[in-house]
>>> print(open('data_4.cif').read())   # mmCIF, C-alpha atoms
data_final
#
loop_
_atom_site.group_PDB
_atom_site.id
_atom_site.type_symbol
_atom_site.label_atom_id
_atom_site.label_comp_id
_atom_site.auth_asym_id
_atom_site.auth_seq_id
_atom_site.Cartn_x
_atom_site.Cartn_y
_atom_site.Cartn_z
ATOM 1 C CA MET A 1 1.529 -31.829 -16.354
ATOM 2 C CA LYS A 2 2.349 -30.117 -13.046
ATOM 3 C CA GLN A 3 5.671 -28.797 -14.417
ATOM 4 C CA LYS A 4 3.943 -27.255 -17.458
ATOM 5 C CA ILE A 5 1.404 -25.461 -15.269
ATOM 6 C CA THR A 6 4.116 -24.198 -12.918
ATOM 7 C CA PHE A 7 6.238 -22.993 -15.851
ATOM 8 C CA LYS A 8 3.254 -21.215 -17.433
ATOM 9 C CA LEU A 9 2.397 -19.623 -14.110
ATOM 10 C CA CYS A 10 5.991 -18.386 -13.714
ATOM 11 C CA LEU A 11 5.932 -16.913 -17.220
ATOM 12 C CA ALA A 12 2.615 -15.200 -16.536
ATOM 13 C CA MET A 13 3.931 -13.727 -13.280
ATOM 14 C CA LEU A 14 7.120 -12.514 -15.001
ATOM 15 C CA GLY A 15 5.024 -10.823 -17.678
ATOM 16 C CA LEU A 16 2.907 -9.155 -15.030
ATOM 17 C CA LEU A 17 6.002 -7.868 -13.212
ATOM 18 C CA LEU A 18 7.497 -6.517 -16.420
ATOM 19 C CA SER A 19 4.270 -4.746 -17.308
ATOM 20 C CA PHE A 20 4.251 -3.008 -13.918
ATOM 21 C CA SER A 21 7.855 -1.857 -14.175
ATOM 22 C CA ALA A 22 7.812 -0.928 -17.882
ATOM 23 C CA GLY A 23 6.087 2.399 -17.242
ATOM 24 C CA ALA A 24 8.096 3.348 -14.156
ATOM 25 C CA GLN A 25 11.017 5.630 -13.507
ATOM 26 C CA GLU A 26 12.948 6.511 -10.378
ATOM 27 C CA VAL A 27 13.786 10.091 -9.448
ATOM 28 C CA ILE A 28 15.248 11.837 -6.433
ATOM 29 C CA ILE A 29 13.423 14.956 -5.317
ATOM 30 C CA GLU A 30 14.955 16.725 -2.339
ATOM 31 C CA GLN A 31 15.913 13.951 0.117
ATOM 32 C CA LEU A 32 13.475 11.300 -1.111
ATOM 33 C CA LYS A 33 13.573 8.792 -3.955
ATOM 34 C CA TYR A 34 10.297 8.081 -5.755
ATOM 35 C CA THR A 35 9.159 5.562 -8.320
ATOM 36 C CA LEU A 36 6.896 7.376 -10.776
ATOM 37 C CA TYR A 37 4.331 5.432 -12.802
ATOM 38 C CA ASP A 38 2.629 6.195 -16.100
ATOM 39 C CA ASP A 39 -0.758 6.157 -14.375
ATOM 40 C CA GLY A 40 0.217 9.347 -12.505
ATOM 41 C CA THR A 41 1.012 7.736 -9.149
ATOM 42 C CA ALA A 42 4.216 7.757 -7.136
ATOM 43 C CA ILE A 43 5.689 5.648 -4.354
ATOM 44 C CA VAL A 44 8.265 6.881 -1.842
ATOM 45 C CA VAL A 45 10.899 4.164 -2.171
ATOM 46 C CA ALA A 46 13.915 5.467 -0.263
ATOM 47 C CA ALA A 47 15.230 8.208 1.923
ATOM 48 C CA ASN A 48 18.846 9.205 2.400
ATOM 49 C CA THR A 49 18.897 7.897 5.959
ATOM 50 C CA SER A 50 22.320 9.333 6.713
ATOM 51 C CA THR A 51 21.274 12.947 6.086
ATOM 52 C CA ILE A 52 17.695 13.060 7.328
ATOM 53 C CA SER A 53 17.129 14.677 10.679
ATOM 54 C CA GLY A 54 14.133 16.284 12.282
ATOM 55 C CA GLU A 55 10.771 16.379 10.545
ATOM 56 C CA ILE A 56 10.030 15.211 7.012
ATOM 57 C CA VAL A 57 6.906 16.261 5.151
ATOM 58 C CA ILE A 58 5.944 13.900 2.362
ATOM 59 C CA PRO A 59 4.163 15.886 -0.352
ATOM 60 C CA GLU A 60 0.774 14.867 -1.779
ATOM 61 C CA SER A 61 2.287 15.034 -5.243
ATOM 62 C CA VAL A 62 5.628 15.447 -6.978
ATOM 63 C CA GLU A 63 6.500 16.898 -10.362
ATOM 64 C CA ASN A 64 8.923 15.574 -12.943
ATOM 65 C CA ASN A 65 9.289 16.603 -16.591
ATOM 66 C CA ASN A 66 6.117 18.732 -16.465
ATOM 67 C CA ASN A 67 4.060 15.804 -15.129
ATOM 68 C CA THR A 68 2.432 15.612 -11.707
ATOM 69 C CA TYR A 69 2.399 12.316 -9.790
ATOM 70 C CA ARG A 70 0.170 11.653 -6.771
ATOM 71 C CA VAL A 71 2.060 10.036 -3.862
ATOM 72 C CA THR A 72 -0.020 7.003 -2.874
ATOM 73 C CA THR A 73 2.361 4.679 -1.025
ATOM 74 C CA ILE A 74 5.253 4.763 1.380
ATOM 75 C CA GLY A 75 7.196 1.842 0.001
ATOM 76 C CA VAL A 76 9.034 -1.118 1.451
ATOM 77 C CA MET A 77 11.896 0.014 3.727
ATOM 78 C CA ALA A 78 11.560 3.648 2.558
ATOM 79 C CA PHE A 79 12.707 5.123 5.886
ATOM 80 C CA ASN A 80 14.140 1.965 7.468
ATOM 81 C CA SER A 81 16.725 2.748 10.188
ATOM 82 C CA CYS A 82 16.395 6.499 9.738
ATOM 83 C CA SER A 83 17.342 7.267 13.353
ATOM 84 C CA GLY A 84 17.503 11.049 12.820
ATOM 85 C CA LEU A 85 13.853 11.215 11.800
ATOM 86 C CA THR A 86 11.830 12.701 14.680
ATOM 87 C CA ALA A 87 8.505 13.452 12.963
ATOM 88 C CA ILE A 88 6.830 12.578 9.684
ATOM 89 C CA THR A 89 3.849 14.182 7.984
ATOM 90 C CA ILE A 90 2.019 11.706 5.780
ATOM 91 C CA PRO A 91 -0.256 13.366 3.213
ATOM 92 C CA ASN A 92 -3.910 12.515 2.622
ATOM 93 C CA SER A 93 -2.981 10.999 -0.749
ATOM 94 C CA VAL A 94 -1.209 7.992 0.834
ATOM 95 C CA THR A 95 -3.279 4.798 1.106
ATOM 96 C CA THR A 96 -0.619 2.237 2.083
ATOM 97 C CA ILE A 97 2.324 2.216 4.463
ATOM 98 C CA GLY A 98 4.646 -0.521 3.247
ATOM 99 C CA VAL A 99 6.535 -3.349 4.913
ATOM 100 C CA PHE A 100 9.409 -2.094 7.139
ATOM 101 C CA ALA A 101 8.633 1.487 5.976
ATOM 102 C CA PHE A 102 9.723 3.080 9.269
ATOM 103 C CA LYS A 103 11.332 0.114 11.022
ATOM 104 C CA ASN A 104 14.125 1.112 13.434
ATOM 105 C CA CYS A 105 13.326 4.843 13.241
ATOM 106 C CA THR A 106 14.374 5.152 16.863
ATOM 107 C CA GLY A 107 14.083 8.957 16.982
ATOM 108 C CA LEU A 108 10.471 9.048 15.778
ATOM 109 C CA THR A 109 8.300 10.250 18.697
ATOM 110 C CA SER A 110 4.744 10.483 17.390
ATOM 111 C CA ILE A 111 2.808 9.590 14.280
ATOM 112 C CA THR A 112 -0.575 10.580 12.911
ATOM 113 C CA ILE A 113 -1.758 8.291 10.158
ATOM 114 C CA PRO A 114 -4.217 10.199 7.946
ATOM 115 C CA ASN A 115 -7.729 9.090 7.064
ATOM 116 C CA SER A 116 -6.622 8.189 3.518
ATOM 117 C CA VAL A 117 -4.501 5.239 4.711
ATOM 118 C CA THR A 118 -6.280 1.884 4.600
ATOM 119 C CA THR A 119 -3.386 -0.515 5.216
ATOM 120 C CA ILE A 120 -0.393 -0.571 7.566
ATOM 121 C CA ARG A 121 1.824 -3.421 6.391
ATOM 122 C CA GLU A 122 4.079 -5.852 8.281
ATOM 123 C CA GLN A 123 6.580 -4.326 10.686
ATOM 124 C CA ALA A 124 5.949 -0.817 9.310
ATOM 125 C CA PHE A 125 6.882 0.816 12.638
ATOM 126 C CA ASP A 126 8.636 -2.116 14.316
ATOM 127 C CA TYR A 127 11.282 -1.087 16.830
ATOM 128 C CA CYS A 128 10.468 2.635 16.814
ATOM 129 C CA ILE A 129 11.490 2.776 20.476
ATOM 130 C CA GLY A 130 11.028 6.548 20.788
ATOM 131 C CA LEU A 131 7.441 6.417 19.553
ATOM 132 C CA THR A 132 5.135 7.534 22.389
ATOM 133 C CA SER A 133 1.916 8.433 20.580
ATOM 134 C CA ILE A 134 0.041 6.970 17.593
ATOM 135 C CA THR A 135 -3.185 8.227 16.064
ATOM 136 C CA ILE A 136 -4.619 5.992 13.357
ATOM 137 C CA GLY A 137 -7.004 7.485 10.795
ATOM 138 C CA ASN A 138 -10.603 6.393 10.307
ATOM 139 C CA SER A 139 -10.016 4.536 7.024
ATOM 140 C CA VAL A 140 -7.450 2.021 8.250
ATOM 141 C CA THR A 141 -8.930 -1.463 8.037
ATOM 142 C CA GLU A 142 -5.818 -3.633 8.395
ATOM 143 C CA ILE A 143 -2.869 -3.490 10.743
ATOM 144 C CA TYR A 144 -0.504 -6.288 9.792
ATOM 145 C CA TYR A 145 1.910 -8.548 11.701
ATOM 146 C CA ARG A 146 4.223 -6.677 14.125
ATOM 147 C CA ALA A 147 3.247 -3.301 12.633
ATOM 148 C CA PHE A 148 4.026 -1.500 15.914
ATOM 149 C CA ALA A 149 5.996 -4.196 17.751
ATOM 150 C CA SER A 150 8.790 -3.183 20.124
ATOM 151 C CA CYS A 151 7.568 0.419 20.370
ATOM 152 C CA ARG A 152 8.620 0.359 24.014
ATOM 153 C CA GLY A 153 7.909 4.042 24.694
ATOM 154 C CA LEU A 154 4.313 3.853 23.486
ATOM 155 C CA THR A 155 1.925 5.418 25.994
ATOM 156 C CA SER A 156 -1.007 6.460 23.793
ATOM 157 C CA ILE A 157 -2.729 4.922 20.782
ATOM 158 C CA THR A 158 -6.044 5.632 19.117
ATOM 159 C CA ILE A 159 -7.447 2.777 17.014
ATOM 160 C CA PRO A 160 -10.638 3.616 15.092
ATOM 161 C CA ASN A 161 -13.656 1.337 14.631
ATOM 162 C CA SER A 162 -12.746 0.967 10.942
ATOM 163 C CA VAL A 163 -9.963 -1.493 11.879
ATOM 164 C CA THR A 164 -11.230 -5.005 11.204
ATOM 165 C CA THR A 165 -7.932 -6.894 11.310
ATOM 166 C CA ILE A 166 -5.030 -6.605 13.717
ATOM 167 C CA GLY A 167 -2.233 -9.015 12.882
ATOM 168 C CA GLU A 168 -0.350 -11.221 15.296
ATOM 169 C CA GLU A 169 2.106 -9.420 17.556
ATOM 170 C CA ALA A 170 1.033 -6.046 16.122
ATOM 171 C CA PHE A 171 1.823 -4.446 19.481
ATOM 172 C CA ALA A 172 4.175 -7.067 20.933
ATOM 173 C CA TYR A 173 6.791 -5.768 23.397
ATOM 174 C CA CYS A 174 5.121 -2.389 23.776
ATOM 175 C CA GLU A 175 5.814 -1.807 27.435
#
>>> encode(input="data_4.cif", output="structure tokens")
Amino acid sequence: MKQKITFKLCLAMLGLLLSFSAGAQEVIIEQLKYTLYDDGTAIVVAANTSTISGEIVIPESVENNNNTYRVTTIGVMAFNSCSGLTAITIPNSVTTIGVFAFKNCTGLTSITIPNSVTTIREQAFDYCIGLTSITIGNSVTEIYYRAFASCRGLTSITIPNSVTTIGEEAFAYCE
């Protein structure tokens, strides 16, 4: 009985995954790769970490084939180990900063997270050793495990009253 339930659950999950990816396409626009969805949303999924330097401005929306897609998420590992990145502008359309999104961005010096963001996922800014200043917008409710861990240069952070959950080691090793 347990095997049948587990098998059915696996099939249901596979179907759910396929339905999410069926209406998606990946495109590269300037230096960023996006996954575009049929519902009109987009996720930043990757940056060319070897060529990015200085400041990056993520747009609120991107266009492809005469369609406009609203950028809502900075995806898992999108800017991971992008050491040349010194500043990032996150638009007011983004609601989630994904797992490892900016991990090891050692050149990043300050970050302002806009009011649209509600969730900062696990290790999103882990080991951003050059990060000295963080301003978190008024809509963030959750800061996950090690989100800002090992940000050794951190001297200033503003956490709004909207934050209800701060995960374990969220600011571990911030000297």
>>> residues_around(input="data_4.cif", residues="region 126-143 of chain A", least_positions_apart="5", cutoff="8 Å", atoms="only C-alpha atoms", output="PyMOL selection string")
chain A and resi 100+102-121+148-167+170
>>> residues_around(input="data_4.cif", residues="Phe79 (chain A)", least_positions_apart="5", cutoff="10 Å", atoms="all atoms listed in the file", output="list in words")
Leu32, Val44, Val45, Ala46, Ala47, Asn48, Thr49, Ile52, Ile74, Leu85, Phe100, Ala101, Phe102, Lys103, Asn104, Cys105, Ala124 and Phe125 of chain A
>>> atom_distance(input="data_4.cif", atom1="CA of Pro59 (chain A)", atom2="CA of Ser83 (chain A)")
20.9 Å
>>> closest_residue(input="data_4.cif", among="A:Asn92, A:Gln123, A:Gly98, A:Val57", to="Ala78 (chain A)", atoms="all atoms listed in the file")
A:Gly98
>>> resolve_selection(input="data_4.cif", expression="the PyMOL selection byres ((chain A and resi 70) around 9)", output="PyMOL selection string")
chain A and resi 36+40-43+59-63+68-69+71-72+93-94
>>> write_last_selection(input="data_4.cif", atoms="C-alpha atoms", output="short mmCIF file (atom, residue, chain, number, x, y, z; two decimals), in the frame of the given file")
data_model
loop_
_atom_site.label_atom_id
_atom_site.label_comp_id
_atom_site.auth_asym_id
_atom_site.auth_seq_id
_atom_site.Cartn_x
_atom_site.Cartn_y
_atom_site.Cartn_z
CA LEU A 36 6.90 7.38 -10.78
CA GLY A 40 0.22 9.35 -12.50
CA THR A 41 1.01 7.74 -9.15
CA ALA A 42 4.22 7.76 -7.14
CA ILE A 43 5.69 5.65 -4.35
CA PRO A 59 4.16 15.89 -0.35
CA GLU A 60 0.77 14.87 -1.78
CA SER A 61 2.29 15.03 -5.24
CA VAL A 62 5.63 15.45 -6.98
CA GLU A 63 6.50 16.90 -10.36
CA THR A 68 2.43 15.61 -11.71
CA TYR A 69 2.40 12.32 -9.79
CA VAL A 71 2.06 10.04 -3.86
CA THR A 72 -0.02 7.00 -2.87
CA SER A 93 -2.98 11.00 -0.75
CA VAL A 94 -1.21 7.99 0.83
#
>>> residues_near_point(input="data_4.cif", point="(4.2, 17.2, 7.7)", cutoff="10 Å", atoms="only C-alpha atoms", output="VMD selection string")
chain A and resid 55 to 59 87 to 91 112
>>> closest_residue(input="data_4.cif", among="A:Ala24, A:Thr95, A:Tyr34, A:Thr51", to="Thr73 (chain A)", atoms="all atoms listed in the file")
A:Thr95
>>> atom_distance(input="data_4.cif", atom1="CA of Ile28 (chain A)", atom2="CA of Asn65 (chain A)")
12.7 Å
>>> atom_distance(input="data_4.cif", atom1="CA of Thr96 (chain A)", atom2="CA of Ser50 (chain A)")
24.5 Å
>>> closest_residue(input="data_4.cif", among="A:Ile97, A:Asn66, A:Glu175, A:Ser53", to="Gln31 (chain A)", atoms="all atoms listed in the file")
A:Ser53
>>> decode(input="data_4.cif", residues="region 63-94 of chain A", atoms="N, CA and C atoms", output="PDB file, in the first residue's frame")
ATOM      1  N   GLU A  63      11.454  41.968 -23.029  1.00  0.00           N
ATOM      2  CA  GLU A  63      10.624  41.672 -24.196  1.00  0.00           C
ATOM      3  C   GLU A  63      11.257  40.591 -25.039  1.00  0.00           C
ATOM      4  N   ASN A  64      10.397  39.733 -25.582  1.00  0.00           N
ATOM      5  CA  ASN A  64      10.834  38.665 -26.476  1.00  0.00           C
ATOM      6  C   ASN A  64       9.677  38.331 -27.406  1.00  0.00           C
ATOM      7  N   ASN A  65       9.945  38.329 -28.698  1.00  0.00           N
ATOM      8  CA  ASN A  65       8.921  38.002 -29.701  1.00  0.00           C
ATOM      9  C   ASN A  65       7.630  38.809 -29.505  1.00  0.00           C
ATOM     10  N   ASN A  66       7.780  40.102 -29.324  1.00  0.00           N
ATOM     11  CA  ASN A  66       6.651  41.029 -29.153  1.00  0.00           C
ATOM     12  C   ASN A  66       5.821  40.772 -27.900  1.00  0.00           C
ATOM     13  N   ASN A  67       6.358  40.051 -26.939  1.00  0.00           N
ATOM     14  CA  ASN A  67       5.691  39.826 -25.657  1.00  0.00           C
ATOM     15  C   ASN A  67       6.529  40.453 -24.547  1.00  0.00           C
ATOM     16  N   THR A  68       5.853  40.981 -23.540  1.00  0.00           N
ATOM     17  CA  THR A  68       6.529  41.578 -22.397  1.00  0.00           C
ATOM     18  C   THR A  68       6.364  40.658 -21.198  1.00  0.00           C
ATOM     19  N   TYR A  69       7.469  40.426 -20.481  1.00  0.00           N
ATOM     20  CA  TYR A  69       7.488  39.537 -19.323  1.00  0.00           C
ATOM     21  C   TYR A  69       7.976  40.319 -18.111  1.00  0.00           C
ATOM     22  N   ARG A  70       7.234  40.259 -17.028  1.00  0.00           N
ATOM     23  CA  ARG A  70       7.577  40.959 -15.788  1.00  0.00           C
ATOM     24  C   ARG A  70       8.583  40.119 -14.997  1.00  0.00           C
ATOM     25  N   VAL A  71       9.720  40.717 -14.636  1.00  0.00           N
ATOM     26  CA  VAL A  71      10.760  40.004 -13.889  1.00  0.00           C
ATOM     27  C   VAL A  71      10.348  39.954 -12.417  1.00  0.00           C
ATOM     28  N   THR A  72      10.080  38.737 -11.920  1.00  0.00           N
ATOM     29  CA  THR A  72       9.559  38.588 -10.564  1.00  0.00           C
ATOM     30  C   THR A  72      10.521  37.910  -9.591  1.00  0.00           C
ATOM     31  N   THR A  73      11.543  37.237 -10.123  1.00  0.00           N
ATOM     32  CA  THR A  73      12.424  36.447  -9.261  1.00  0.00           C
ATOM     33  C   THR A  73      13.857  36.518  -9.751  1.00  0.00           C
ATOM     34  N   ILE A  74      14.776  36.589  -8.800  1.00  0.00           N
ATOM     35  CA  ILE A  74      16.181  36.366  -9.109  1.00  0.00           C
ATOM     36  C   ILE A  74      16.422  34.922  -8.700  1.00  0.00           C
ATOM     37  N   GLY A  75      16.669  34.087  -9.673  1.00  0.00           N
ATOM     38  CA  GLY A  75      16.664  32.646  -9.479  1.00  0.00           C
ATOM     39  C   GLY A  75      17.862  32.075  -8.743  1.00  0.00           C
ATOM     40  N   VAL A  76      17.790  30.780  -8.528  1.00  0.00           N
ATOM     41  CA  VAL A  76      18.818  30.015  -7.840  1.00  0.00           C
ATOM     42  C   VAL A  76      20.155  30.183  -8.563  1.00  0.00           C
ATOM     43  N   MET A  77      21.160  30.640  -7.839  1.00  0.00           N
ATOM     44  CA  MET A  77      22.537  30.783  -8.317  1.00  0.00           C
ATOM     45  C   MET A  77      22.687  31.753  -9.498  1.00  0.00           C
ATOM     46  N   ALA A  78      21.750  32.658  -9.702  1.00  0.00           N
ATOM     47  CA  ALA A  78      21.774  33.534 -10.873  1.00  0.00           C
ATOM     48  C   ALA A  78      23.078  34.319 -11.014  1.00  0.00           C
ATOM     49  N   PHE A  79      23.592  34.846  -9.923  1.00  0.00           N
ATOM     50  CA  PHE A  79      24.827  35.631  -9.952  1.00  0.00           C
ATOM     51  C   PHE A  79      25.926  34.993  -9.108  1.00  0.00           C
ATOM     52  N   ASN A  80      25.792  33.733  -8.779  1.00  0.00           N
ATOM     53  CA  ASN A  80      26.733  33.034  -7.915  1.00  0.00           C
ATOM     54  C   ASN A  80      28.176  33.206  -8.402  1.00  0.00           C
ATOM     55  N   SER A  81      29.050  33.614  -7.494  1.00  0.00           N
ATOM     56  CA  SER A  81      30.491  33.778  -7.763  1.00  0.00           C
ATOM     57  C   SER A  81      30.809  34.823  -8.819  1.00  0.00           C
ATOM     58  N   CYS A  82      29.969  35.817  -8.944  1.00  0.00           N
ATOM     59  CA  CYS A  82      30.186  36.902  -9.892  1.00  0.00           C
ATOM     60  C   CYS A  82      31.028  37.973  -9.188  1.00  0.00           C
ATOM     61  N   SER A  83      32.329  37.732  -9.099  1.00  0.00           N
ATOM     62  CA  SER A  83      33.216  38.584  -8.299  1.00  0.00           C
ATOM     63  C   SER A  83      33.378  39.990  -8.863  1.00  0.00           C
ATOM     64  N   GLY A  84      33.127  40.190 -10.148  1.00  0.00           N
ATOM     65  CA  GLY A  84      33.246  41.520 -10.748  1.00  0.00           C
ATOM     66  C   GLY A  84      32.054  42.419 -10.499  1.00  0.00           C
ATOM     67  N   LEU A  85      30.980  41.850  -9.987  1.00  0.00           N
ATOM     68  CA  LEU A  85      29.770  42.625  -9.705  1.00  0.00           C
ATOM     69  C   LEU A  85      29.995  43.501  -8.479  1.00  0.00           C
ATOM     70  N   THR A  86      29.857  44.825  -8.638  1.00  0.00           N
ATOM     71  CA  THR A  86      30.068  45.735  -7.507  1.00  0.00           C
ATOM     72  C   THR A  86      28.768  46.324  -6.988  1.00  0.00           C
ATOM     73  N   ALA A  87      27.743  46.402  -7.840  1.00  0.00           N
ATOM     74  CA  ALA A  87      26.449  46.946  -7.413  1.00  0.00           C
ATOM     75  C   ALA A  87      25.356  46.311  -8.261  1.00  0.00           C
ATOM     76  N   ILE A  88      24.195  46.156  -7.663  1.00  0.00           N
ATOM     77  CA  ILE A  88      23.051  45.573  -8.355  1.00  0.00           C
ATOM     78  C   ILE A  88      21.822  46.408  -8.045  1.00  0.00           C
ATOM     79  N   THR A  89      21.047  46.706  -9.078  1.00  0.00           N
ATOM     80  CA  THR A  89      19.765  47.384  -8.874  1.00  0.00           C
ATOM     81  C   THR A  89      18.681  46.352  -9.119  1.00  0.00           C
ATOM     82  N   ILE A  90      17.905  46.093  -8.084  1.00  0.00           N
ATOM     83  CA  ILE A  90      16.814  45.125  -8.154  1.00  0.00           C
ATOM     84  C   ILE A  90      15.526  45.922  -8.350  1.00  0.00           C
ATOM     85  N   PRO A  91      14.748  45.610  -9.380  1.00  0.00           N
ATOM     86  CA  PRO A  91      13.545  46.390  -9.649  1.00  0.00           C
ATOM     87  C   PRO A  91      12.410  46.084  -8.679  1.00  0.00           C
ATOM     88  N   ASN A  92      11.424  46.963  -8.652  1.00  0.00           N
ATOM     89  CA  ASN A  92      10.268  46.799  -7.772  1.00  0.00           C
ATOM     90  C   ASN A  92       9.331  45.683  -8.205  1.00  0.00           C
ATOM     91  N   SER A  93       9.629  45.010  -9.303  1.00  0.00           N
ATOM     92  CA  SER A  93       8.809  43.881  -9.742  1.00  0.00           C
ATOM     93  C   SER A  93       9.235  42.570  -9.076  1.00  0.00           C
ATOM     94  N   VAL A  94      10.447  42.522  -8.536  1.00  0.00           N
ATOM     95  CA  VAL A  94      10.991  41.286  -7.954  1.00  0.00           C
ATOM     96  C   VAL A  94      10.399  41.052  -6.569  1.00  0.00           C
TER      97      VAL A  94
END
